[in-house]
file upload_6.txt (compact mmCIF, C-alpha atoms)
# COMPACT_ATOMS: atom_id res chain seq x y z
CA MET A 1 -15.50 8.90 -10.46
CA LYS A 2 -15.71 7.54 -6.91
CA ALA A 3 -12.68 5.90 -5.33
CA ASN A 4 -12.12 4.07 -2.04
CA ALA A 5 -8.72 3.30 -0.53
CA ILE A 6 -7.75 0.21 1.45
CA ILE A 7 -4.85 0.96 3.81
CA VAL A 8 -3.20 -2.26 4.97
CA ALA A 9 -1.93 -1.77 8.53
CA ALA A 10 -2.16 -5.29 9.95
CA GLY A 11 1.53 -6.25 9.75
CA GLU A 12 3.66 -6.90 12.81
CA GLY A 13 6.88 -5.36 11.48
CA ARG A 14 9.14 -8.04 12.97
CA ARG A 15 12.14 -6.96 10.87
CA LEU A 16 12.11 -3.60 12.64
CA ALA A 17 13.11 -5.43 15.84
CA ASN A 18 10.42 -3.52 17.73
CA THR A 19 7.76 -4.93 20.02
CA ASP A 20 5.16 -2.44 18.76
CA PRO A 21 3.42 -3.04 15.39
CA LYS A 22 5.14 -0.73 12.92
CA ALA A 23 2.02 1.16 11.82
CA TYR A 24 1.94 2.78 15.27
CA LEU A 25 5.62 3.68 15.51
CA PRO A 26 6.19 7.45 15.70
CA LEU A 27 8.05 9.26 12.95
CA CYS A 28 9.20 12.54 14.47
CA GLY A 29 6.32 12.26 16.91
CA ARG A 30 3.47 11.33 14.53
CA PRO A 31 2.50 7.66 14.14
CA MET A 32 3.36 6.17 10.77
CA LEU A 33 -0.26 5.18 10.08
CA LEU A 34 -1.50 8.74 10.61
CA ARG A 35 1.13 10.11 8.24
CA THR A 36 -0.09 7.66 5.58
CA LEU A 37 -3.74 8.52 6.14
CA ASP A 38 -2.92 12.25 5.89
CA LYS A 39 -1.97 11.72 2.24
CA PHE A 40 -5.13 9.82 1.32
CA CYS A 41 -7.28 12.28 3.25
CA SER A 42 -5.81 15.08 1.11
CA ALA A 43 -6.21 13.25 -2.22
CA ARG A 44 -9.00 14.73 -4.33
CA HIS A 45 -10.41 11.43 -5.57
CA ILE A 46 -10.55 9.33 -2.38
CA ALA A 47 -14.07 9.31 -0.91
CA LYS A 48 -13.44 6.78 1.88
CA MET A 49 -10.53 5.00 3.53
CA ILE A 50 -10.80 1.44 4.85
CA VAL A 51 -8.08 0.90 7.44
CA VAL A 52 -7.31 -2.81 7.88
CA ALA A 53 -5.74 -3.44 11.28
CA ALA A 54 -4.80 -6.59 13.16
CA ALA A 55 -7.72 -7.79 15.27
CA PRO A 56 -5.87 -7.37 18.61
CA GLN A 57 -5.08 -3.76 17.66
CA LEU A 58 -8.55 -2.66 16.51
CA ALA A 59 -9.49 -0.80 19.69
CA ARG A 60 -6.11 0.91 19.80
CA CYS A 61 -6.33 1.85 16.13
CA GLU A 62 -9.83 3.26 16.52
CA ALA A 63 -8.80 5.35 19.51
CA LEU A 64 -5.80 6.70 17.58
CA LEU A 65 -7.86 7.68 14.56
CA ARG A 66 -10.75 9.19 16.52
CA ALA A 67 -8.40 11.33 18.59
CA ASP A 68 -6.66 12.81 15.55
CA SER A 69 -8.05 16.20 14.58
CA ALA A 70 -6.65 15.98 11.03
CA LEU A 71 -8.87 13.00 10.25
CA LYS A 72 -12.14 14.55 11.42
CA ARG A 73 -12.84 15.86 7.91
CA CYS A 74 -12.24 12.41 6.33
CA CYS A 75 -14.45 9.39 5.90
CA TRP A 76 -12.82 6.25 7.29
CA ILE A 77 -13.84 2.89 8.74
CA LEU A 78 -11.95 0.02 10.35
CA GLN A 79 -11.77 -3.63 9.35
CA SER A 80 -9.94 -6.49 11.05
CA GLY A 81 -7.17 -8.08 9.01
CA GLY A 82 -6.46 -11.68 8.09
CA ALA A 83 -3.51 -14.02 8.57
CA THR A 84 -1.76 -12.72 5.44
CA ARG A 85 -1.61 -9.41 3.60
CA GLN A 86 -3.69 -10.88 0.79
CA GLN A 87 -6.40 -11.97 3.21
CA SER A 88 -6.33 -8.53 4.82
CA VAL A 89 -6.89 -6.84 1.46
CA LYS A 90 -9.78 -9.18 0.71
CA ARG A 91 -11.37 -8.32 4.04
CA GLY A 92 -10.90 -4.66 3.20
CA LEU A 93 -12.75 -5.19 -0.07
CA ASP A 94 -15.76 -6.30 1.97
CA LYS A 95 -16.09 -2.74 3.30
CA VAL A 96 -15.81 -0.66 0.14
CA ASP A 97 -18.80 1.39 -0.98
CA ALA A 98 -21.14 -0.44 -3.34
CA ASP A 99 -20.88 2.41 -5.86
CA ALA A 100 -17.09 2.78 -5.70
CA GLU A 101 -15.68 2.59 -9.22
CA ILE A 102 -11.98 2.59 -8.30
CA ILE A 103 -10.17 0.81 -5.47
CA ALA A 104 -6.70 1.92 -4.33
CA ILE A 105 -4.65 -0.46 -2.16
CA HIS A 106 -1.72 0.90 -0.17
CA ASP A 107 0.66 -0.26 2.54
CA ALA A 108 0.53 1.81 5.72
CA ALA A 109 4.32 1.40 5.90
CA ARG A 110 4.72 3.78 2.92
CA PRO A 111 3.87 7.03 4.73
CA PHE A 112 5.48 9.43 2.25
CA VAL A 113 3.34 8.73 -0.81
CA SER A 114 2.12 12.06 -2.13
CA SER A 115 -1.53 12.97 -2.56
CA ALA A 116 -0.72 14.00 -6.13
CA LEU A 117 0.58 10.51 -6.92
CA ILE A 118 -2.55 8.94 -5.42
CA ASP A 119 -4.74 11.09 -7.64
CA ARG A 120 -2.66 10.30 -10.73
CA CYS A 121 -3.03 6.58 -10.00
CA VAL A 122 -6.80 6.84 -9.61
CA GLU A 123 -7.13 8.75 -12.89
CA ALA A 124 -4.88 6.26 -14.71
CA ALA A 125 -6.80 3.28 -13.31
CA TYR A 126 -10.09 4.78 -14.45
CA GLU A 127 -8.66 4.97 -17.96
CA ARG A 128 -6.60 1.76 -18.07
CA GLY A 129 -8.28 -0.59 -15.57
CA ALA A 130 -5.24 -1.62 -13.52
CA VAL A 131 -2.27 0.47 -12.37
CA ALA A 132 0.79 -0.14 -10.21
CA VAL A 133 3.35 2.42 -9.09
CA GLY A 134 7.00 1.68 -9.71
CA LEU A 135 10.48 2.95 -10.43
CA PRO A 136 13.12 1.70 -12.88
CA VAL A 137 15.87 -0.14 -11.00
CA ARG A 138 19.17 1.70 -10.75
CA ASP A 139 21.44 -1.25 -9.90
CA THR A 140 22.28 -4.39 -11.83
CA ILE A 141 20.07 -7.31 -10.77
CA LYS A 142 21.34 -10.88 -10.53
CA ILE A 143 19.30 -14.07 -10.31
CA VAL A 144 21.08 -16.03 -7.58
CA SER A 145 20.68 -19.67 -6.53
CA SER A 146 19.98 -20.80 -2.97
CA GLU A 147 23.72 -21.63 -2.80
CA GLN A 148 24.46 -18.00 -3.78
CA TRP A 149 25.78 -18.65 -7.31
CA VAL A 150 24.78 -16.24 -10.06
CA GLN A 151 22.39 -17.94 -12.46
CA SER A 152 21.62 -15.07 -14.83
CA THR A 153 21.64 -11.30 -15.23
CA PRO A 154 18.40 -9.89 -16.66
CA GLU A 155 18.41 -6.73 -18.76
CA ARG A 156 18.11 -3.81 -16.38
CA ASN A 157 16.09 -1.62 -18.74
CA SER A 158 13.03 -3.88 -18.32
CA LEU A 159 13.16 -4.13 -14.50
CA TRP A 160 11.09 -1.94 -12.20
CA GLU A 161 10.71 -1.84 -8.41
CA ILE A 162 7.00 -2.03 -7.71
CA GLN A 163 5.46 -0.04 -4.88
CA THR A 164 1.97 0.89 -3.75
CA PRO A 165 -0.58 2.27 -4.26
CA GLN A 166 -1.90 -0.27 -6.71
CA VAL A 167 -5.20 0.92 -8.13
CA PHE A 168 -7.91 -0.93 -10.04
CA ARG A 169 -11.38 -0.65 -11.42
CA ALA A 170 -13.58 -2.27 -8.78
CA PRO A 171 -14.81 -5.29 -10.81
CA VAL A 172 -11.22 -6.17 -11.76
CA ILE A 173 -9.82 -6.35 -8.24
CA PHE A 174 -12.92 -8.05 -6.81
CA GLU A 175 -12.70 -10.82 -9.40
CA ALA A 176 -8.95 -11.16 -8.95
CA HIS A 177 -9.27 -11.73 -5.21
CA ASP A 178 -12.28 -14.01 -5.56
CA ARG A 179 -10.41 -16.22 -8.03
CA ALA A 180 -7.31 -16.30 -5.85
CA ALA A 181 -9.31 -17.35 -2.80
CA LYS A 182 -11.09 -20.14 -4.69
CA GLN A 183 -7.86 -21.43 -6.25
CA GLY A 184 -5.73 -21.13 -3.11
CA ILE A 185 -3.32 -18.71 -4.77
CA GLN A 186 -1.05 -16.50 -2.67
CA ALA A 187 0.74 -13.59 -4.34
CA THR A 188 3.22 -10.94 -3.28
CA ASP A 189 0.98 -8.08 -4.37
CA ASP A 190 -2.45 -7.38 -5.80
CA ALA A 191 -1.20 -6.68 -9.29
CA VAL A 192 0.00 -10.28 -9.60
CA LEU A 193 -3.55 -11.52 -9.04
CA VAL A 194 -4.79 -9.27 -11.82
CA GLU A 195 -1.97 -10.37 -14.13
CA ARG A 196 -2.99 -13.99 -13.60
CA MET A 197 -6.35 -13.19 -15.18
CA GLY A 198 -4.61 -11.98 -18.33
CA ILE A 199 -5.41 -8.33 -17.63
CA PRO A 200 -2.52 -5.94 -18.38
CA VAL A 201 -1.28 -3.75 -15.53
CA TYR A 202 0.04 -0.30 -16.42
CA VAL A 203 3.07 0.88 -14.42
CA LEU A 204 3.01 4.54 -13.48
CA GLU A 205 6.36 6.06 -12.54
CA GLY A 206 6.32 6.93 -8.87
CA GLU A 207 8.45 8.72 -6.31
CA ARG A 208 11.77 7.77 -4.69
CA THR A 209 10.49 8.93 -1.32
CA ASN A 210 7.60 6.44 -1.49
CA PHE A 211 9.71 3.69 0.07
CA LYS A 212 8.48 1.02 2.45
CA ILE A 213 9.67 1.23 6.04
CA THR A 214 10.85 -2.31 6.77
CA LEU A 215 14.21 -2.24 8.57
CA PRO A 216 15.58 -0.14 11.47
CA ASP A 217 17.70 1.93 9.07
CA ASP A 218 14.52 2.88 7.20
CA LEU A 219 13.18 4.53 10.34
CA VAL A 220 16.37 6.55 10.74
CA PHE A 221 16.27 7.63 7.09
CA ALA A 222 12.55 8.47 7.29
CA GLU A 223 13.02 10.76 10.27
CA ALA A 224 15.98 12.44 8.59
CA LEU A 225 13.82 13.21 5.55
CA ILE A 226 11.13 14.71 7.77
CA ARG A 227 13.60 16.86 9.69
CA ASP A 228 15.11 18.09 6.42
CA GLY A 229 11.65 19.08 5.16
CA ARG A 230 11.84 16.76 2.15
CA VAL A 231 8.68 14.86 3.16
CA THR A 232 5.76 15.43 5.51
call {"tool": "encode", "arguments": {"input": "upload_6.txt", "output": "structure tokens"}}
result
Amino acid sequence: MKANAIIVAAGEGRRLANTDPKAYLPLCGRPMLLRTLDKFCSARHIAKMIVVAAAPQLARCEALLRADSALKRCCWILQSGGATRQQSVKRGLDKVDADAEIIAIHDAARPFVSSALIDRCVEAAYERGAVAVGLPVRDTIKIVSSEQWVQSTPERNSLWEIQTPQVFRAPVIFEAHDRAAKQGIQATDDAVLVERMGIPVYVLEGERTNFKITLPDDLVFAEALIRDGRVT
């Protein structure tokens, strides 16, 4: 079973109120992107990582990765991203190995995913075809109108927060992205594109520490977890 991973690192991170793209922001001294790549480098099933970076940042990204001693034992290549996350993933798909059976897609802004979870996702995708990582929601969810009136309250026991990695058999994710591009469909994640084809997506229970760093408070919390030794 051969798996490739697409690491999406082309976002600007505007909500972090920082002038530097968030993939390069240091977390206790180590750039977020490198912390993410550490986990995929250590995963047993990942043969190659495709790092999708914004075109203006490609030279910087390459210099960062080449200078890192921890990545010298890993196989990685760079690809320039597109205008949207979905376009960036599709460009990443152009660089996967022809014989890769499984494709994992992960946001660089989730640096605390464990290597064990990555491997579990790859194994589950090989068996089931399409897998997303998620967690059952812990709070009550309300559907709220644009005027901020509650419209409905869905049953909490059927609601999950979906994360990455999202992992697929190669033919499934290639077809999903090809169809989306031809039909002009934009989705919030890759699993949605697969769902639109009528293919079921299995949700594997993930990890609370696998959160996405989006807001300034997330950076503070992330560094606190590192200092406490709860994540690496």
call {"tool": "atom_distance", "arguments": {"input": "upload_6.txt", "atom1": "CA of Ala191 in chain A", "atom2": "CA of Ile173 in chain A"}}
result
8.7 Å
call {"tool": "closest_residue", "arguments": {"input": "upload_6.txt", "among": "A:Ser114, A:Pro136, A:Ile162, A:Arg196", "to": "Thr209 in chain A", "atoms": "only C-alpha atoms"}}
result
A:Ser114
call {"tool": "residues_around", "arguments": {"input": "upload_6.txt", "residues": "Lys212 in chain A", "least_positions_apart": "2", "cutoff": "7 Å", "atoms": "only C-alpha atoms", "output": "MDAnalysis selection string"}}
result
chainID A and resid 109:110 210 214
call {"tool": "write_last_selection", "arguments": {"input": "upload_6.txt", "atoms": "C-alpha atoms", "output": "short mmCIF file (atom, residue, chain, number, x, y, z; two decimals), in the coordinates of the input"}}
result
data_model
loop_
_atom_site.label_atom_id
_atom_site.label_comp_id
_atom_site.auth_asym_id
_atom_site.auth_seq_id
_atom_site.Cartn_x
_atom_site.Cartn_y
_atom_site.Cartn_z
CA ALA A 109 4.32 1.40 5.90
CA ARG A 110 4.72 3.78 2.92
CA ASN A 210 7.60 6.44 -1.49
CA THR A 214 10.85 -2.31 6.77
#
call {"tool": "atom_distance", "arguments": {"input": "upload_6.txt", "atom1": "CA of His45 in chain A", "atom2": "CA of Leu78 in chain A"}}
result
19.6 Å
call {"tool": "closest_residue", "arguments": {"input": "upload_6.txt", "among": "A:Ala170, A:Arg120, A:Ile105, A:Ile77", "to": "Glu62 in chain A", "atoms": "only C-alpha atoms"}}
result
A:Ile77
call {"tool": "residues_around", "arguments": {"input": "upload_6.txt", "residues": "Ala47 in chain A", "least_positions_apart": "5", "cutoff": "9 Å", "atoms": "all atoms listed in the file", "output": "list of chain:residue names"}}
result
A:Lys2, A:Ala3, A:Asn4, A:Ala5, A:Cys41, A:Cys74, A:Cys75, A:Trp76, A:Ala100
call {"tool": "atom_distance", "arguments": {"input": "upload_6.txt", "atom1": "CA of Leu193 in chain A", "atom2": "CA of Val137 in chain A"}}
result
22.6 Å
call {"tool": "closest_residue", "arguments": {"input": "upload_6.txt", "among": "A:Ala9, A:Trp149, A:Gly92, A:Phe112", "to": "Arg230 in chain A", "atoms": "all atoms listed in the file"}}
result
A:Phe112
call {"tool": "residues_near_point", "arguments": {"input": "upload_6.txt", "point": "(-6.7, -9.8, -2.5)", "cutoff": "12 Å", "atoms": "all atoms listed in the file", "output": "NGL selection string"}}
result
:A and (6 or 8 or 81-82 or 84-94 or 103-105 or 166 or 168 or 170 or 172-182 or 184-194)
call {"tool": "write_last_selection", "arguments": {"input": "upload_6.txt", "atoms": "C-alpha atoms", "output": "compact mmCIF listing (two decimals), in the frame of the given file"}}
result
# COMPACT_ATOMS: atom_id res chain seq x y z
CA ILE A 6 -7.75 0.21 1.45
CA VAL A 8 -3.20 -2.26 4.97
CA GLY A 81 -7.17 -8.08 9.01
CA GLY A 82 -6.46 -11.68 8.09
CA THR A 84 -1.76 -12.72 5.44
CA ARG A 85 -1.61 -9.41 3.60
CA GLN A 86 -3.69 -10.88 0.79
CA GLN A 87 -6.40 -11.97 3.21
CA SER A 88 -6.33 -8.53 4.82
CA VAL A 89 -6.89 -6.84 1.46
CA LYS A 90 -9.78 -9.18 0.71
CA ARG A 91 -11.37 -8.32 4.04
CA GLY A 92 -10.90 -4.66 3.20
CA LEU A 93 -12.75 -5.19 -0.07
CA ASP A 94 -15.76 -6.30 1.97
CA ILE A 103 -10.17 0.81 -5.47
CA ALA A 104 -6.70 1.92 -4.33
CA ILE A 105 -4.65 -0.46 -2.16
CA GLN A 166 -1.90 -0.27 -6.71
CA PHE A 168 -7.91 -0.93 -10.04
CA ALA A 170 -13.58 -2.27 -8.78
CA VAL A 172 -11.22 -6.17 -11.76
CA ILE A 173 -9.82 -6.35 -8.24
CA PHE A 174 -12.92 -8.05 -6.81
CA GLU A 175 -12.70 -10.82 -9.40
CA ALA A 176 -8.95 -11.16 -8.95
CA HIS A 177 -9.27 -11.73 -5.21
CA ASP A 178 -12.28 -14.01 -5.56
CA ARG A 179 -10.41 -16.22 -8.03
CA ALA A 180 -7.31 -16.30 -5.85
CA ALA A 181 -9.31 -17.35 -2.80
CA LYS A 182 -11.09 -20.14 -4.69
CA GLY A 184 -5.73 -21.13 -3.11
CA ILE A 185 -3.32 -18.71 -4.77
CA GLN A 186 -1.05 -16.50 -2.67
CA ALA A 187 0.74 -13.59 -4.34
CA THR A 188 3.22 -10.94 -3.28
CA ASP A 189 0.98 -8.08 -4.37
CA ASP A 190 -2.45 -7.38 -5.80
CA ALA A 191 -1.20 -6.68 -9.29
CA VAL A 192 0.00 -10.28 -9.60
CA LEU A 193 -3.55 -11.52 -9.04
CA VAL A 194 -4.79 -9.27 -11.82
